[in-house]
Amino acid sequence: MSLKRVLSGIQPTSDSFHLGNYVGALRQWVALQEGHDAYYCIVDLHALTMETDPALMRKRTLASAAQLIALGIDPNRSTLFVQSQVAQHNQLGWIMECITGFGEASRMTQFKDKSSKNGSDSTKVGLFTYPMLQAADILLYQADLVPVGEDQRQHIELTRDLATRFNSRYGQTFQIPEGFILKAGAKINDIQEPTAKMSKSSGTSNGVIELMDTPESNTKKIKSAVTDTGREVRFDEKEKPGISNLLTIHSALSGQTISSIEKDFDGKGYGDFKSAVAEVVVEYLRPIRTRALELLEDESHLITLLSQGAAKARVVAAQTLDETYKNLGLVQ
Ligand code: TYM
């Protein structure tokens, strides 16, 4: 029996990934390497939907690769690559655009949120067609599973709809993928504004815990995290969003259940709890940051690894694209 395929992607839009990326998605990327055929993609073309600086783009793409390897993606087991190095993503992206309804695309909440914030003049057409490129990313690899955080659920649903539509019009071509979205940790919130998701684009700078930030800075941020009224350490997302978010983070990284953490802090205050969360987070991230910084010292090694990944990815992507063109009646 052949192994199930996994595909996921992350944008190289900042110098560091954050704890939401890690707990919501990247940790599952690492776990799913076991027993699966995994493809992981740094989606630089998606990042172009926002204004970008060429020097930063290069730096952040390499920093993304270094962090992914440092946190456990093994380039010998998984195919780790950069999206723009595999031209089939754009080619299948166009086909996806041609089977997506305008209304259907207009209902994507991430597009609605971002475009309403930026206004229509600075919103790029690429942001509108972004989910169709994402569908192409997934379908090119015939992925069975797509590990992502909660915020990507609607894009995965669209991908499933597009694949089903294509298969029924033009014959079986694509595997219908399933989102792999955990119940706990699929949405980590900003620690200064605990009702909004932790986000590199919209978060507050003190509310986002970065993998590459110094231990001192992350300790300081967590110790000054916003808490709630009362003084009881109890999981209650409605009444205590700040404490609940910190409990989720602690539990995800320490492996302790939420109820056992609640018990440990019975009768203690928020201050003690925040110090404990800071220690768990900082000690967890310390070796990842150190390893990523080491890897970044040898850029040419990272570039070689990524081009080897792209060569492997192209083989699968080319096969799917050929099949797609053939089924569409495009003369090759
Ligand atoms: P991106 O780059 O914004 O985020 C990468 C992954 O991190 C997850 N995530 C979170 N999870 C929990 N809590 C949070 N606060 C949080 N913030 C981010 C995201 O759900 C995601 O899994 N469109 C995608 C990139 C993409 C992709 C793909 C994903 C492009 N092509 C194909 C899967 C398959 C995005 O912008 O993720």
# chains A, B, ... in the order shown; residues from 1 in each chain; ligands from 1
call {"tool": "residues_around", "arguments": {"residues": "Asp15 in chain A", "least_positions_apart": "6", "cutoff": "10 Å", "atoms": "only C-alpha atoms", "output": "ChimeraX atom specification"}}
result
/A:56-57,59-64,67,200,210-213
call {"tool": "write_last_selection", "arguments": {"atoms": "C-alpha atoms", "output": "JSON list (two decimals), in the first residue's frame"}}
result
[["chain", "number", "residue", "atom", "x", "y", "z"],
["A", 56, "LEU", "CA", 13.57, 40.84, 2.59],
["A", 57, "MET", "CA", 11.88, 38.23, 0.42],
["A", 59, "LYS", "CA", 16.14, 36.70, 3.59],
["A", 60, "ARG", "CA", 12.76, 35.51, 4.83],
["A", 61, "THR", "CA", 12.58, 32.59, 2.42],
["A", 62, "LEU", "CA", 15.92, 31.31, 3.70],
["A", 63, "ALA", "CA", 14.94, 32.05, 7.31],
["A", 64, "SER", "CA", 11.76, 30.02, 6.72],
["A", 67, "GLN", "CA", 13.32, 27.38, 10.89],
["A", 200, "LYS", "CA", 2.24, 38.33, 11.69],
["A", 210, "GLU", "CA", 8.21, 34.59, 17.66],
["A", 211, "LEU", "CA", 10.30, 31.47, 17.30],
["A", 212, "MET", "CA", 13.40, 33.53, 16.48],
["A", 213, "ASP", "CA", 12.96, 36.16, 19.16]]
call {"tool": "select_by_dssp", "arguments": {"residues": "range 84-327 of chain A", "states": "helix (DSSP H, G or I)", "output": "ChimeraX atom specification"}}
result
/A:84-85,88-97,102-106,109-118,125-139,150-170,205-207,215-223,241-254,258-264,270-296,299-327
call {"tool": "residues_near_ligand", "arguments": {"ligand": "ligand 1", "cutoff": "9 Å", "atoms": "only C-alpha atoms and all ligand atoms", "output": "PyMOL selection string"}}
result
chain A and resi 7-13+17-26+40-47+83+130-131+133-138+146-153+155-156+179+181+185-190+196-201+208
call {"tool": "residues_around", "arguments": {"residues": "Gly101 in chain A", "least_positions_apart": "2", "cutoff": "12 Å", "atoms": "only C-alpha atoms", "output": "compact mmCIF listing (two decimals) with N, CA, C and O atoms, in the first residue's frame"}}
result
# COMPACT_ATOMS: atom_id res chain seq x y z
N MET A 96 -7.39 26.48 -12.13
CA MET A 96 -8.30 26.60 -10.97
C MET A 96 -9.11 27.89 -11.05
O MET A 96 -10.29 27.92 -10.75
N GLU A 97 -8.44 28.97 -11.49
CA GLU A 97 -9.17 30.25 -11.62
C GLU A 97 -10.29 30.11 -12.64
O GLU A 97 -11.35 30.74 -12.51
N CYS A 98 -10.06 29.29 -13.65
CA CYS A 98 -11.05 29.16 -14.72
C CYS A 98 -12.22 28.25 -14.36
O CYS A 98 -13.17 28.15 -15.13
N ILE A 99 -12.15 27.59 -13.21
CA ILE A 99 -13.32 26.80 -12.79
C ILE A 99 -13.93 27.34 -11.49
O ILE A 99 -14.81 26.72 -10.91
N GLY A 103 -18.45 34.74 -7.61
CA GLY A 103 -19.16 34.85 -6.32
C GLY A 103 -18.53 33.94 -5.27
O GLY A 103 -18.37 34.33 -4.11
N GLU A 104 -18.17 32.77 -5.73
CA GLU A 104 -17.55 31.78 -4.83
C GLU A 104 -16.24 32.36 -4.25
O GLU A 104 -16.00 32.31 -3.05
N ALA A 105 -15.44 32.96 -5.12
CA ALA A 105 -14.17 33.55 -4.66
C ALA A 105 -14.44 34.75 -3.76
O ALA A 105 -13.70 35.00 -2.79
N SER A 106 -15.50 35.48 -4.05
CA SER A 106 -15.82 36.68 -3.26
C SER A 106 -16.25 36.33 -1.84
O SER A 106 -16.27 37.20 -0.98
N ARG A 107 -16.61 35.09 -1.62
CA ARG A 107 -17.05 34.71 -0.27
C ARG A 107 -15.90 34.31 0.66
O ARG A 107 -16.12 34.02 1.83
N MET A 108 -14.69 34.30 0.16
CA MET A 108 -13.56 33.90 1.02
C MET A 108 -13.34 34.94 2.11
O MET A 108 -13.04 36.11 1.82
N PHE A 128 -7.16 38.25 -4.49
CA PHE A 128 -8.47 37.66 -4.80
C PHE A 128 -8.32 36.22 -5.33
O PHE A 128 -9.08 35.33 -4.98
N THR A 129 -7.29 36.02 -6.15
CA THR A 129 -7.11 34.69 -6.76
C THR A 129 -6.21 33.78 -5.91
O THR A 129 -5.98 32.62 -6.27
N MET A 132 -7.16 30.13 -5.22
CA MET A 132 -7.08 29.21 -6.36
C MET A 132 -5.64 28.72 -6.54
O MET A 132 -5.41 27.58 -6.94
N LEU A 158 -12.81 25.07 -0.27
CA LEU A 158 -12.84 25.51 -1.67
C LEU A 158 -12.03 24.53 -2.54
O LEU A 158 -12.47 24.14 -3.62
N ASP A 161 -14.02 21.52 -3.19
CA ASP A 161 -15.09 21.79 -4.16
C ASP A 161 -14.53 21.85 -5.58
O ASP A 161 -15.12 21.31 -6.51
N LEU A 162 -13.39 22.52 -5.72
CA LEU A 162 -12.81 22.67 -7.07
C LEU A 162 -12.36 21.31 -7.62
O LEU A 162 -12.57 21.00 -8.80
N ARG A 165 -15.44 19.33 -8.58
CA ARG A 165 -16.01 19.90 -9.81
C ARG A 165 -15.20 19.48 -11.04
O ARG A 165 -15.74 19.05 -12.05
call {"tool": "residues_around", "arguments": {"residues": "range 305-313 of chain A", "least_positions_apart": "3", "cutoff": "7 Å", "atoms": "only C-alpha atoms", "output": "PyMOL selection string"}}
result
chain A and resi 79-82+85-86+301-302+316-317
call {"tool": "residues_around", "arguments": {"residues": "range 247-254 of chain A", "least_positions_apart": "6", "cutoff": "12 Å", "atoms": "only C-alpha atoms", "output": "number ranges by chain"}}
result
A: 18-25, 27-28, 182-191, 194, 198, 209, 222, 227, 233-237, 240-241, 260-265, 270, 273-285
call {"tool": "atom_distance", "arguments": {"atom1": "CA of Leu328 in chain A", "atom2": "CA of Trp94 in chain A"}}
result
12.8 Å
call {"tool": "closest_residue", "arguments": {"among": "A:Asn245, A:Gln172, A:Ser205, A:Thr257", "to": "Asn327 in chain A", "atoms": "only C-alpha atoms"}}
result
A:Gln172
call {"tool": "closest_residue", "arguments": {"among": "A:Gln142, A:Asn90, A:Thr100, A:Ser84", "to": "Phe166 in chain A", "atoms": "only C-alpha atoms"}}
result
A:Thr100
